[in-house]
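For reference, model.csv (CSV, C-alpha atoms):
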chain,number,residue,atom,x,y,z
A,1,MET,CA,35.2,-2.1,-2.1
A,2,ALA,CA,32.4,-2.2,0.4
A,3,ILE,CA,28.9,-3.6,0.8
A,4,LEU,CA,26.7,-0.5,1.3
A,5,GLU,CA,23.6,-0.3,3.6
A,6,ILE,CA,20.3,-0.7,1.8
A,7,LEU,CA,17.5,1.7,2.6
A,8,GLU,CA,14.3,-0.2,3.3
A,9,TYR,CA,10.7,0.8,2.8
A,10,PRO,CA,9.0,2.7,4.5
A,11,ASN,CA,12.1,4.9,4.6
A,12,THR,CA,10.9,8.1,2.9
A,13,LEU,CA,14.3,8.7,1.3
A,14,LEU,CA,13.3,6.1,-1.2
A,15,LYS,CA,10.7,8.5,-2.6
A,16,GLN,CA,13.3,11.1,-3.5
A,17,VAL,CA,14.0,11.9,-7.2
A,18,SER,CA,17.7,11.5,-8.0
A,19,LYS,CA,19.9,14.0,-9.8
A,20,PRO,CA,21.8,13.4,-13.1
A,21,VAL,CA,25.5,12.4,-12.8
A,22,GLU,CA,27.7,15.2,-14.0
A,23,LYS,CA,31.2,14.2,-12.9
A,24,PHE,CA,32.7,10.9,-14.3
A,25,ASP,CA,35.6,10.7,-11.9
A,26,ASP,CA,37.3,8.2,-9.7
A,27,SER,CA,34.8,8.7,-6.9
A,28,LEU,CA,32.1,7.6,-9.3
A,29,ARG,CA,34.1,4.5,-10.3
A,30,VAL,CA,34.6,3.6,-6.6
A,31,PHE,CA,30.9,4.0,-5.9
A,32,ILE,CA,30.0,1.8,-9.0
A,33,ALA,CA,32.3,-1.0,-7.6
A,34,ASP,CA,30.6,-0.8,-4.2
A,35,LEU,CA,27.2,-0.8,-5.8
A,36,LYS,CA,28.0,-3.9,-7.8
A,37,GLU,CA,29.3,-5.6,-4.6
A,38,THR,CA,26.2,-4.6,-2.8
A,39,MET,CA,24.0,-6.0,-5.5
A,40,ASP,CA,25.9,-9.3,-5.6
A,41,ALA,CA,25.5,-9.6,-1.8
A,42,GLY,CA,21.7,-9.2,-2.1
A,43,PRO,CA,20.0,-12.6,-2.3
A,44,GLY,CA,18.9,-13.3,-5.8
A,45,ALA,CA,19.4,-9.7,-6.8
A,46,THR,CA,19.9,-8.9,-10.5
A,47,GLY,CA,19.9,-5.1,-10.2
A,48,ILE,CA,20.3,-2.2,-7.9
A,49,ALA,CA,19.9,1.6,-8.1
A,50,ALA,CA,22.1,4.2,-6.3
A,51,PRO,CA,19.2,5.7,-4.3
A,52,GLN,CA,18.7,2.3,-2.7
A,53,VAL,CA,22.0,2.9,-0.9
A,54,GLY,CA,21.4,6.5,-0.2
A,55,ARG,CA,23.2,8.1,-3.1
A,56,PHE,CA,20.6,10.2,-5.0
A,57,GLU,CA,22.2,10.2,-8.4
A,58,ARG,CA,21.0,8.5,-11.6
A,59,ILE,CA,23.1,5.4,-11.5
A,60,VAL,CA,21.9,1.8,-11.9
A,61,TYR,CA,23.8,-1.5,-12.0
A,62,ILE,CA,22.2,-4.6,-13.6
A,63,ASP,CA,23.1,-8.1,-14.4
A,64,ALA,CA,20.4,-10.1,-16.1
A,65,SER,CA,22.8,-13.0,-16.7
A,66,LYS,CA,22.2,-14.1,-13.0
A,67,THR,CA,18.7,-15.4,-13.4
A,68,LYS,CA,18.0,-19.1,-12.6
A,69,ARG,CA,16.4,-19.6,-16.0
A,70,LYS,CA,18.5,-18.1,-18.7
A,71,VAL,CA,17.1,-15.0,-20.4
A,72,LYS,CA,18.3,-12.7,-23.2
A,73,ASN,CA,20.7,-10.2,-21.6
A,74,HIS,CA,23.6,-7.9,-22.1
A,75,GLY,CA,25.4,-9.1,-18.9
A,76,ARG,CA,26.8,-6.9,-16.2
A,77,MET,CA,26.4,-3.2,-17.0
A,78,VAL,CA,26.3,0.1,-15.3
A,79,LEU,CA,23.8,2.7,-16.5
A,80,ILE,CA,24.5,6.3,-15.9
A,81,ASN,CA,21.7,8.9,-16.6
A,82,PRO,CA,19.6,6.2,-18.4
A,83,VAL,CA,16.6,7.2,-20.5
A,84,ILE,CA,14.1,5.0,-22.2
A,85,VAL,CA,13.6,6.5,-25.6
A,86,ALA,CA,11.1,4.0,-27.0
A,87,GLN,CA,9.0,1.1,-25.6
A,88,ASP,CA,6.6,-1.5,-26.9
A,89,GLY,CA,4.3,-4.1,-25.5
A,90,SER,CA,3.1,-4.8,-21.9
A,91,GLU,CA,3.5,-7.9,-19.8
A,92,VAL,CA,2.7,-8.7,-16.1
A,93,GLY,CA,5.6,-10.3,-14.2
A,94,ARG,CA,6.6,-10.9,-10.6
A,95,GLU,CA,8.9,-8.4,-8.9
A,96,GLY,CA,10.6,-8.1,-5.5
A,97,CYS,CA,13.0,-5.5,-4.2
A,98,LEU,CA,16.1,-5.3,-2.0
A,99,SER,CA,14.4,-2.4,-0.4
A,100,VAL,CA,11.1,-4.3,0.3
A,101,PRO,CA,12.2,-7.7,1.9
A,102,ASP,CA,9.9,-10.7,2.0
A,103,TYR,CA,7.3,-9.5,-0.5
A,104,THR,CA,6.8,-10.0,-4.2
A,105,GLY,CA,4.0,-8.7,-6.4
A,106,ASN,CA,2.8,-8.5,-10.0
A,107,VAL,CA,3.7,-5.4,-12.1
A,108,ALA,CA,3.0,-4.6,-15.7
A,109,ARG,CA,6.0,-3.4,-17.7
A,110,ALA,CA,6.9,-2.7,-21.3
A,111,THR,CA,8.2,-5.9,-23.0
A,112,GLU,CA,10.7,-4.1,-25.3
A,113,ILE,CA,12.7,-0.9,-24.7
A,114,THR,CA,15.3,1.2,-26.4
A,115,LEU,CA,17.6,2.5,-23.8
A,116,LYS,CA,20.0,5.4,-24.1
A,117,THR,CA,22.6,5.5,-21.4
A,118,GLN,CA,26.1,6.6,-20.5
A,119,ASP,CA,28.8,4.3,-19.2
A,120,ALA,CA,31.2,4.9,-16.3
A,121,ASP,CA,33.3,7.1,-18.6
A,122,GLY,CA,30.4,9.2,-19.8
A,123,VAL,CA,30.3,7.6,-23.2
A,124,GLU,CA,26.8,7.3,-24.7
A,125,HIS,CA,25.3,4.0,-25.8
A,126,THR,CA,22.0,2.7,-27.1
A,127,PHE,CA,20.7,-0.7,-26.3
A,128,GLN,CA,17.7,-2.8,-27.4
A,129,MET,CA,16.4,-4.8,-24.5
A,130,GLU,CA,13.5,-7.2,-24.0
A,131,GLY,CA,11.7,-9.4,-21.5
A,132,PHE,CA,13.3,-9.8,-18.1
A,133,GLU,CA,16.2,-7.4,-18.8
A,134,ALA,CA,13.8,-4.7,-20.0
A,135,ARG,CA,11.7,-5.2,-16.9
A,136,LEU,CA,14.8,-5.0,-14.7
A,137,VAL,CA,15.8,-1.7,-16.2
A,138,GLN,CA,12.3,-0.2,-15.8
A,139,HIS,CA,12.3,-1.4,-12.1
A,140,GLU,CA,15.7,0.2,-11.4
A,141,MET,CA,14.9,3.4,-13.3
A,142,ASP,CA,11.8,3.8,-11.2
A,143,HIS,CA,14.0,4.0,-8.1
A,144,LEU,CA,15.7,7.1,-9.7
A,145,ASP,CA,12.3,8.8,-9.8
A,146,GLY,CA,11.3,7.7,-6.2
A,147,ILE,CA,8.9,5.0,-7.4
A,148,LEU,CA,8.8,1.5,-5.9
A,149,PHE,CA,7.2,-1.6,-7.4
A,150,LEU,CA,4.7,-1.3,-4.6
A,151,ASP,CA,3.4,1.8,-6.3
A,152,ARG,CA,2.6,-0.2,-9.5
A,153,LEU,CA,1.2,-3.4,-8.1
A,154,VAL,CA,-1.6,-5.2,-9.9
A,155,SER,CA,-3.6,-7.9,-8.1
A,156,ARG,CA,-2.1,-11.3,-7.7
A,157,ARG,CA,-5.4,-12.8,-8.4
A,158,ASN,CA,-6.1,-13.8,-12.0
A,159,SER,CA,-3.1,-11.8,-13.2
A,160,LEU,CA,-2.3,-12.2,-16.8
A,161,PHE,CA,1.1,-13.5,-17.5
A,162,LYS,CA,2.2,-13.7,-21.1
A,163,ARG,CA,1.1,-16.9,-22.8
A,164,LYS,CA,4.4,-18.0,-24.0
A,165,ASN,CA,3.6,-21.7,-24.1
A,166,TYR,CA,0.1,-21.4,-25.7
A,167,LYS,CA,-0.8,-24.8,-26.9
A,168,LYS,CA,-3.2,-26.1,-29.5
A,169,PRO,CA,-6.7,-24.6,-29.1
A,170,ALA,CA,-9.4,-27.1,-28.2
A,171,SER,CA,-11.3,-28.3,-31.2
A,172,LYS,CA,-13.4,-31.0,-29.6
A,173,GLU,CA,-15.9,-28.8,-27.8
A,174,SER,CA,-19.3,-29.0,-29.4
B,1,MET,CA,1.3,-13.7,25.7
B,2,ASP,CA,0.4,-13.0,22.1
B,3,THR,CA,-1.1,-15.9,20.2
B,4,TRP,CA,-2.0,-16.1,16.6
B,5,TYR,CA,-5.5,-17.4,15.6
B,6,MET,CA,-6.8,-18.3,12.2
B,7,THR,CA,-10.2,-16.7,12.1
B,8,THR,CA,-12.6,-17.4,9.3
B,9,PHE,CA,-16.0,-15.9,8.6
B,10,VAL,CA,-18.6,-17.1,6.1
B,11,GLY,CA,-22.0,-15.6,5.3
B,12,LYS,CA,-24.1,-13.9,2.7
B,13,ASP,CA,-22.2,-11.1,1.1
B,14,ARG,CA,-23.1,-7.6,2.1
B,15,SER,CA,-21.2,-4.4,1.9
B,16,GLY,CA,-19.4,-3.2,5.0
B,17,ILE,CA,-18.5,-6.6,6.5
B,18,VAL,CA,-14.7,-6.3,6.4
B,19,ALA,CA,-14.8,-2.8,7.9
B,20,LYS,CA,-17.1,-3.9,10.8
B,21,VAL,CA,-15.2,-7.1,11.5
B,22,THR,CA,-11.8,-5.5,11.5
B,23,GLN,CA,-13.0,-2.6,13.6
B,24,ALA,CA,-14.4,-5.0,16.2
B,25,LEU,CA,-11.0,-6.8,16.3
B,26,TYR,CA,-9.1,-3.5,16.6
B,27,GLU,CA,-11.3,-2.3,19.4
B,28,GLY,CA,-10.8,-5.7,21.0
B,29,GLY,CA,-7.1,-5.1,21.1
B,30,CYS,CA,-6.2,-7.6,18.3
B,31,ASN,CA,-3.7,-7.2,15.5
B,32,LEU,CA,-4.1,-8.6,12.0
B,33,GLY,CA,-1.5,-10.5,10.0
B,34,GLU,CA,-2.2,-11.8,6.5
B,35,ALA,CA,-5.7,-12.1,5.2
B,36,SER,CA,-7.6,-13.4,2.2
B,37,MET,CA,-11.1,-12.4,1.4
B,38,THR,CA,-13.0,-13.5,-1.6
B,39,ARG,CA,-16.6,-14.0,-2.7
B,40,LEU,CA,-17.4,-17.6,-3.6
B,41,GLY,CA,-20.7,-18.2,-5.2
B,42,GLY,CA,-22.2,-15.0,-3.7
B,43,ASN,CA,-20.9,-15.9,-0.2
B,44,PHE,CA,-18.6,-13.7,1.7
B,45,THR,CA,-15.6,-15.6,2.9
B,46,ILE,CA,-12.5,-14.4,4.7
B,47,MET,CA,-9.6,-16.0,6.5
B,48,MET,CA,-7.5,-13.7,8.7
B,49,MET,CA,-4.5,-14.2,10.9
B,50,VAL,CA,-5.5,-12.5,14.2
B,51,LYS,CA,-3.0,-11.8,17.0
B,52,SER,CA,-4.4,-11.5,20.5
B,53,ASP,CA,-3.2,-11.7,24.0
B,54,GLY,CA,-6.5,-13.4,25.0
B,55,THR,CA,-7.8,-16.9,24.8
B,56,LYS,CA,-9.8,-18.4,21.9
B,57,GLU,CA,-13.0,-18.0,23.9
B,58,GLU,CA,-12.2,-14.3,24.5
B,59,LEU,CA,-11.6,-13.8,20.8
B,60,GLU,CA,-14.9,-15.5,20.0
B,61,LYS,CA,-16.6,-13.1,22.4
B,62,ILE,CA,-15.0,-10.1,20.6
B,63,ILE,CA,-16.4,-11.2,17.2
B,64,GLU,CA,-19.7,-12.4,18.4
B,65,PRO,CA,-21.7,-9.1,18.1
B,66,VAL,CA,-20.5,-8.5,14.5
B,67,CYS,CA,-21.3,-12.1,13.6
B,68,ARG,CA,-24.8,-11.6,14.9
B,69,GLU,CA,-25.2,-8.3,13.0
B,70,PHE,CA,-24.1,-9.7,9.6
B,71,GLU,CA,-25.3,-13.3,10.2
B,72,LEU,CA,-21.8,-14.7,9.8
B,73,ARG,CA,-20.5,-18.0,10.9
B,74,SER,CA,-17.0,-17.9,12.3
B,75,HIS,CA,-14.3,-20.3,13.3
B,76,VAL,CA,-11.3,-19.7,15.4
B,77,ASP,CA,-8.1,-21.9,15.5
B,78,LYS,CA,-4.9,-21.4,17.3
B,79,ILE,CA,-2.0,-21.4,14.8
B,80,ASN,CA,1.7,-20.8,14.4
B,81,GLY,CA,1.8,-17.3,13.0
B,82,GLU,CA,4.8,-17.5,10.7
B,83,LEU,CA,5.3,-14.1,9.1
B,84,HIS,CA,8.3,-12.9,7.1
B,85,LYS,CA,8.8,-16.3,5.6
B,86,HIS,CA,7.2,-16.1,2.2
B,87,CYS,CA,7.8,-18.8,-0.4
B,88,ASP,CA,8.0,-17.5,-3.9
B,89,PRO,CA,6.2,-19.5,-6.6
B,90,ASP,CA,8.2,-20.2,-9.8
B,91,VAL,CA,5.4,-21.4,-12.0
B,92,LEU,CA,1.9,-20.3,-12.9
B,93,ILE,CA,-0.6,-22.7,-14.4
B,94,SER,CA,-4.1,-22.2,-15.7
B,95,VAL,CA,-6.5,-25.0,-16.6
B,96,HIS,CA,-9.9,-24.4,-18.2
B,97,GLY,CA,-12.6,-26.4,-19.8
B,98,ALA,CA,-16.2,-27.5,-19.6
B,99,ASP,CA,-17.2,-27.9,-16.0
B,100,ARG,CA,-17.6,-31.4,-14.7
B,101,ALA,CA,-16.9,-33.4,-11.5
B,102,GLY,CA,-13.3,-34.3,-10.9
B,103,ILE,CA,-11.4,-31.6,-12.8
B,104,VAL,CA,-9.6,-30.2,-9.7
B,105,ALA,CA,-8.8,-33.7,-8.4
B,106,SER,CA,-7.4,-34.9,-11.6
B,107,ALA,CA,-5.5,-31.7,-12.4
B,108,THR,CA,-4.0,-31.3,-8.9
B,109,GLY,CA,-3.4,-35.1,-8.8
B,110,VAL,CA,-1.2,-35.3,-11.9
B,111,LEU,CA,0.6,-32.0,-10.9
B,112,ALA,CA,1.4,-33.3,-7.4
B,113,GLU,CA,2.8,-36.5,-8.9
B,114,ALA,CA,5.0,-34.3,-11.2
B,115,GLY,CA,6.3,-32.4,-8.2
B,116,LEU,CA,4.1,-29.3,-7.9
B,117,ASN,CA,3.9,-27.7,-4.5
B,118,ILE,CA,0.8,-25.5,-4.7
B,119,LEU,CA,1.0,-22.1,-2.9
B,120,ASN,CA,-2.1,-20.4,-4.3
B,121,LEU,CA,-5.2,-21.9,-6.0
B,122,GLU,CA,-8.3,-20.1,-7.2
B,123,THR,CA,-11.1,-21.6,-9.2
B,124,ASP,CA,-14.1,-20.0,-10.8
B,125,VAL,CA,-17.2,-21.3,-12.6
B,126,GLY,CA,-18.1,-19.1,-15.5
B,127,GLY,CA,-20.1,-19.6,-18.7
B,128,LYS,CA,-23.9,-20.1,-18.7
B,129,GLU,CA,-25.9,-22.3,-16.3
B,130,ASP,CA,-26.4,-24.9,-19.0
B,131,ARG,CA,-22.8,-24.7,-20.2
B,132,PRO,CA,-20.6,-24.0,-17.2
B,133,VAL,CA,-17.0,-23.4,-17.7
B,134,TYR,CA,-14.4,-24.1,-15.1
B,135,VAL,CA,-11.3,-22.0,-14.7
B,136,MET,CA,-8.5,-22.7,-12.4
B,137,HIS,CA,-5.3,-20.7,-11.6
B,138,LEU,CA,-2.5,-22.3,-9.6
B,139,GLU,CA,0.8,-20.9,-8.5
B,140,GLY,CA,3.4,-23.1,-7.0
B,141,ILE,CA,6.9,-24.4,-6.8
B,142,ALA,CA,8.0,-26.9,-9.5
B,143,GLU,CA,10.0,-29.1,-7.2
B,144,ARG,CA,11.1,-31.4,-10.1
B,145,GLY,CA,11.3,-28.7,-12.8
B,146,ILE,CA,8.8,-27.2,-15.2
B,147,ASP,CA,9.4,-29.9,-17.9
B,148,ALA,CA,7.8,-32.5,-15.6
B,149,LEU,CA,4.8,-30.3,-15.1
B,150,GLU,CA,4.5,-29.7,-18.9
B,151,LYS,CA,4.4,-33.4,-19.6
B,152,ALA,CA,1.8,-33.9,-16.8
B,153,LEU,CA,-0.4,-31.1,-18.3
B,154,GLU,CA,-0.2,-32.6,-21.8
B,155,LYS,CA,-1.5,-35.9,-20.5
B,156,LEU,CA,-4.2,-34.0,-18.6
B,157,GLU,CA,-5.3,-32.2,-21.8
B,158,GLU,CA,-5.5,-35.5,-23.7
B,159,GLU,CA,-7.4,-37.4,-21.0
B,160,GLN,CA,-9.7,-34.7,-19.6
B,161,GLY,CA,-10.3,-32.5,-22.7
B,162,VAL,CA,-9.2,-29.4,-20.9
B,163,GLN,CA,-6.9,-26.6,-22.0
B,164,THR,CA,-3.8,-25.7,-20.0
B,165,HIS,CA,-1.2,-23.0,-19.9
B,166,ILE,CA,2.0,-23.1,-18.0
B,167,ASN,CA,4.4,-20.2,-17.5
B,168,PRO,CA,7.6,-19.9,-15.4
B,169,ILE,CA,7.6,-17.0,-13.0
B,170,ASP,CA,11.0,-15.4,-13.1
B,171,THR,CA,10.9,-13.2,-10.0
B,172,LEU,CA,13.0,-10.1,-10.4
B,173,ILE,CA,14.8,-8.8,-7.3
B,174,GLY,CA,16.2,-5.4,-7.8
Hey, can you dump this file as structure tokens for me?
Amino acid sequence: MAILEILEYPNTLLKQVSKPVEKFDDSLRVFIADLKETMDAGPGATGIAAPQVGRFERIVYIDASKTKRKVKNHGRMVLINPVIVAQDGSEVGREGCLSVPDYTGNVARATEITLKTQDADGVEHTFQMEGFEARLVQHEMDHLDGILFLDRLVSRRNSLFKRKNYKKPASKES
Amino acid sequence: MDTWYMTTFVGKDRSGIVAKVTQALYEGGCNLGEASMTRLGGNFTIMMMVKSDGTKEELEKIIEPVCREFELRSHVDKINGELHKHCDPDVLISVHGADRAGIVASATGVLAEAGLNILNLETDVGGKEDRPVYVMHLEGIAERGIDALEKALEKLEEEQGVQTHINPIDTLIG
């Protein structure tokens, strides 16, 4: 296994669109192991996409179980040729990227997704994901199309985060 | 030797100020770091990190013509220009209510006691002249956890008759 070099913005290779994986062989499995190790070596990283390490194939590795605050997740998973077949809702959240060090910004993403993907053996699966994990998949899948979170930034000022902890409305005002 | 200066400009807002100020600095051989411009009560305000190999007096000379043209007041301070060392907030708080003296002091006071380190603060006065509404957004680091801040905000709601919202910021790195 090896920690791979991460391409950093403004490297124009990050704008490249990745090709579908066609061969599910040992070379793919070795690459997935390296990708996982590279993600784990990235400070606070919960996901990584193959083009971030210069392999322009539709491969993503995620682990939404690594967040500081626990979120609903499917644990560690590799996504090969992933496709979002349905999505719902929209929420602004904070994102950063291994390819864009020392910067975080607000991005709107769908809150719920239905994801069709293959695993390392080429077997198809369908997953329902929500919240942080759904955001993570959308962020990583953007890399496969040459899109960075910088391309989707909304202002940090007055950004609307979801009001999860909405409390009682004021009733005293005259 | 390059020195960082915090340079602030305040004046009546007009279009074209930022372009003229930054052009003057560029022509004067300065580089810009981080900056924040906002309109406060109809006033143009900007704070800019300016890097220059000249003295404070030389920088003041560079900006003097544009200050005269736009009737801006400026202030230049030598600073430690720490770039590439961002702190990421982990909590977003908003407070709103009928405007009256002391809202910011009481809100930030109870939050500081509960361990909030404020990284960003914006406040606005909306509503009508005879019924002003105060809106405050804060981003920061919950040094003693979010529960402590939630309790502080509950107390603030009871005592000050304001409404508050608090949301964790789960920054995604991928």
Could you write out as a PDB file with C-alpha atoms, keeping the file's coordinate frame the residues of chain B within 10 Å of chain A, counting all atoms listed in the file?
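Generated output (selection_24.pdb):
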ATOM      1  CA  LEU B  83       5.300 -14.100   9.100  1.00  0.00           C
ATOM      2  CA  HIS B  84       8.300 -12.900   7.100  1.00  0.00           C
ATOM      3  CA  LYS B  85       8.800 -16.300   5.600  1.00  0.00           C
ATOM      4  CA  HIS B  86       7.200 -16.100   2.200  1.00  0.00           C
ATOM      5  CA  CYS B  87       7.800 -18.800  -0.400  1.00  0.00           C
ATOM      6  CA  ASP B  88       8.000 -17.500  -3.900  1.00  0.00           C
ATOM      7  CA  PRO B  89       6.200 -19.500  -6.600  1.00  0.00           C
ATOM      8  CA  ASP B  90       8.200 -20.200  -9.800  1.00  0.00           C
ATOM      9  CA  LEU B  92       1.900 -20.300 -12.900  1.00  0.00           C
ATOM     10  CA  ILE B  93      -0.600 -22.700 -14.400  1.00  0.00           C
ATOM     11  CA  SER B  94      -4.100 -22.200 -15.700  1.00  0.00           C
ATOM     12  CA  GLY B  97     -12.600 -26.400 -19.800  1.00  0.00           C
ATOM     13  CA  ALA B  98     -16.200 -27.500 -19.600  1.00  0.00           C
ATOM     14  CA  ASN B 120      -2.100 -20.400  -4.300  1.00  0.00           C
ATOM     15  CA  LEU B 121      -5.200 -21.900  -6.000  1.00  0.00           C
ATOM     16  CA  GLU B 122      -8.300 -20.100  -7.200  1.00  0.00           C
ATOM     17  CA  THR B 123     -11.100 -21.600  -9.200  1.00  0.00           C
ATOM     18  CA  MET B 136      -8.500 -22.700 -12.400  1.00  0.00           C
ATOM     19  CA  HIS B 137      -5.300 -20.700 -11.600  1.00  0.00           C
ATOM     20  CA  LEU B 138      -2.500 -22.300  -9.600  1.00  0.00           C
ATOM     21  CA  GLU B 150       4.500 -29.700 -18.900  1.00  0.00           C
ATOM     22  CA  GLU B 154      -0.200 -32.600 -21.800  1.00  0.00           C
ATOM     23  CA  GLU B 157      -5.300 -32.200 -21.800  1.00  0.00           C
ATOM     24  CA  GLY B 161     -10.300 -32.500 -22.700  1.00  0.00           C
ATOM     25  CA  VAL B 162      -9.200 -29.400 -20.900  1.00  0.00           C
ATOM     26  CA  GLN B 163      -6.900 -26.600 -22.000  1.00  0.00           C
ATOM     27  CA  THR B 164      -3.800 -25.700 -20.000  1.00  0.00           C
ATOM     28  CA  HIS B 165      -1.200 -23.000 -19.900  1.00  0.00           C
ATOM     29  CA  ILE B 166       2.000 -23.100 -18.000  1.00  0.00           C
ATOM     30  CA  ASN B 167       4.400 -20.200 -17.500  1.00  0.00           C
ATOM     31  CA  PRO B 168       7.600 -19.900 -15.400  1.00  0.00           C
ATOM     32  CA  ILE B 169       7.600 -17.000 -13.000  1.00  0.00           C
ATOM     33  CA  ASP B 170      11.000 -15.400 -13.100  1.00  0.00           C
ATOM     34  CA  THR B 171      10.900 -13.200 -10.000  1.00  0.00           C
ATOM     35  CA  LEU B 172      13.000 -10.100 -10.400  1.00  0.00           C
ATOM     36  CA  ILE B 173      14.800  -8.800  -7.300  1.00  0.00           C
ATOM     37  CA  GLY B 174      16.200  -5.400  -7.800  1.00  0.00           C
TER      38      GLY B 174
END
Problem set entry | Test item: residues at most 7 Å from segment 59-75 of chain B, only C-alpha atoms, excluding those fewer than 6 positions along its chain, as a list in words | Thr7, Thr8, Phe9, Val10, Gly11, Lys20, Val21, Ala24, Leu25 and Gly28 of chain B
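Each of A:Gly89, A:Gly131, A:Pro51, A:Pro82 was checked against Ile147 of chain A using all atoms listed in the file; the smallest atom-to-atom distance is that of A:Pro51.
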For this session: Counting only C-alpha atoms, figure out which residue out of A:Val83, A:Asp151, A:Ala41, A:Met129 gets nearest to Val107 of chain A.
Result: A:Asp151
For this session: Excluding Arg55 of chain A and any residue of its chain fewer than 6 positions from it, enumerate the residues within 10 Å of it, using only C-alpha atoms, and give them as a ChimeraX atom specification.
Result: /A:13,18-19,31,49
Exercise. Suppose you want the space between atom CA of Ala142 of chain B and atom CA of Ala114 of chain B; what is it in Å?
Worked result: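 These two atoms are separated by 8.2 Å.
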Exercise. Restricting the calculation to all atoms listed in the file, which member of B:Asp2, B:Glu129, B:Asp124, B:Glu113 is positioned closest to Leu32 of chain B?
Worked result: B:Asp2
Exercise. Mind pulling up the distance from atom CA of Lys12 of chain B to atom CA of Ile46 of chain B?
Worked result: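 Here the two named atoms are 11.8 Å from each other.
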Problem set entry | Separation of atom CA of Met1 of chain B from atom CA of Glu27 of chain B, in Å and rounded to one decimal | 18.1 Å
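Of the listed residues (A:Glu5, A:Asp142, A:Glu130, A:Glu91), A:Glu5 comes nearest to Glu37 of chain A; the distances count all atoms listed in the file.
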Problem set entry | Selection: 9 Å around Glu143 of chain B, only C-alpha atoms, excl. self and same-chain fewer than 2 positions, as a ChimeraX atom specification | /B:114-117,140-141,145-146
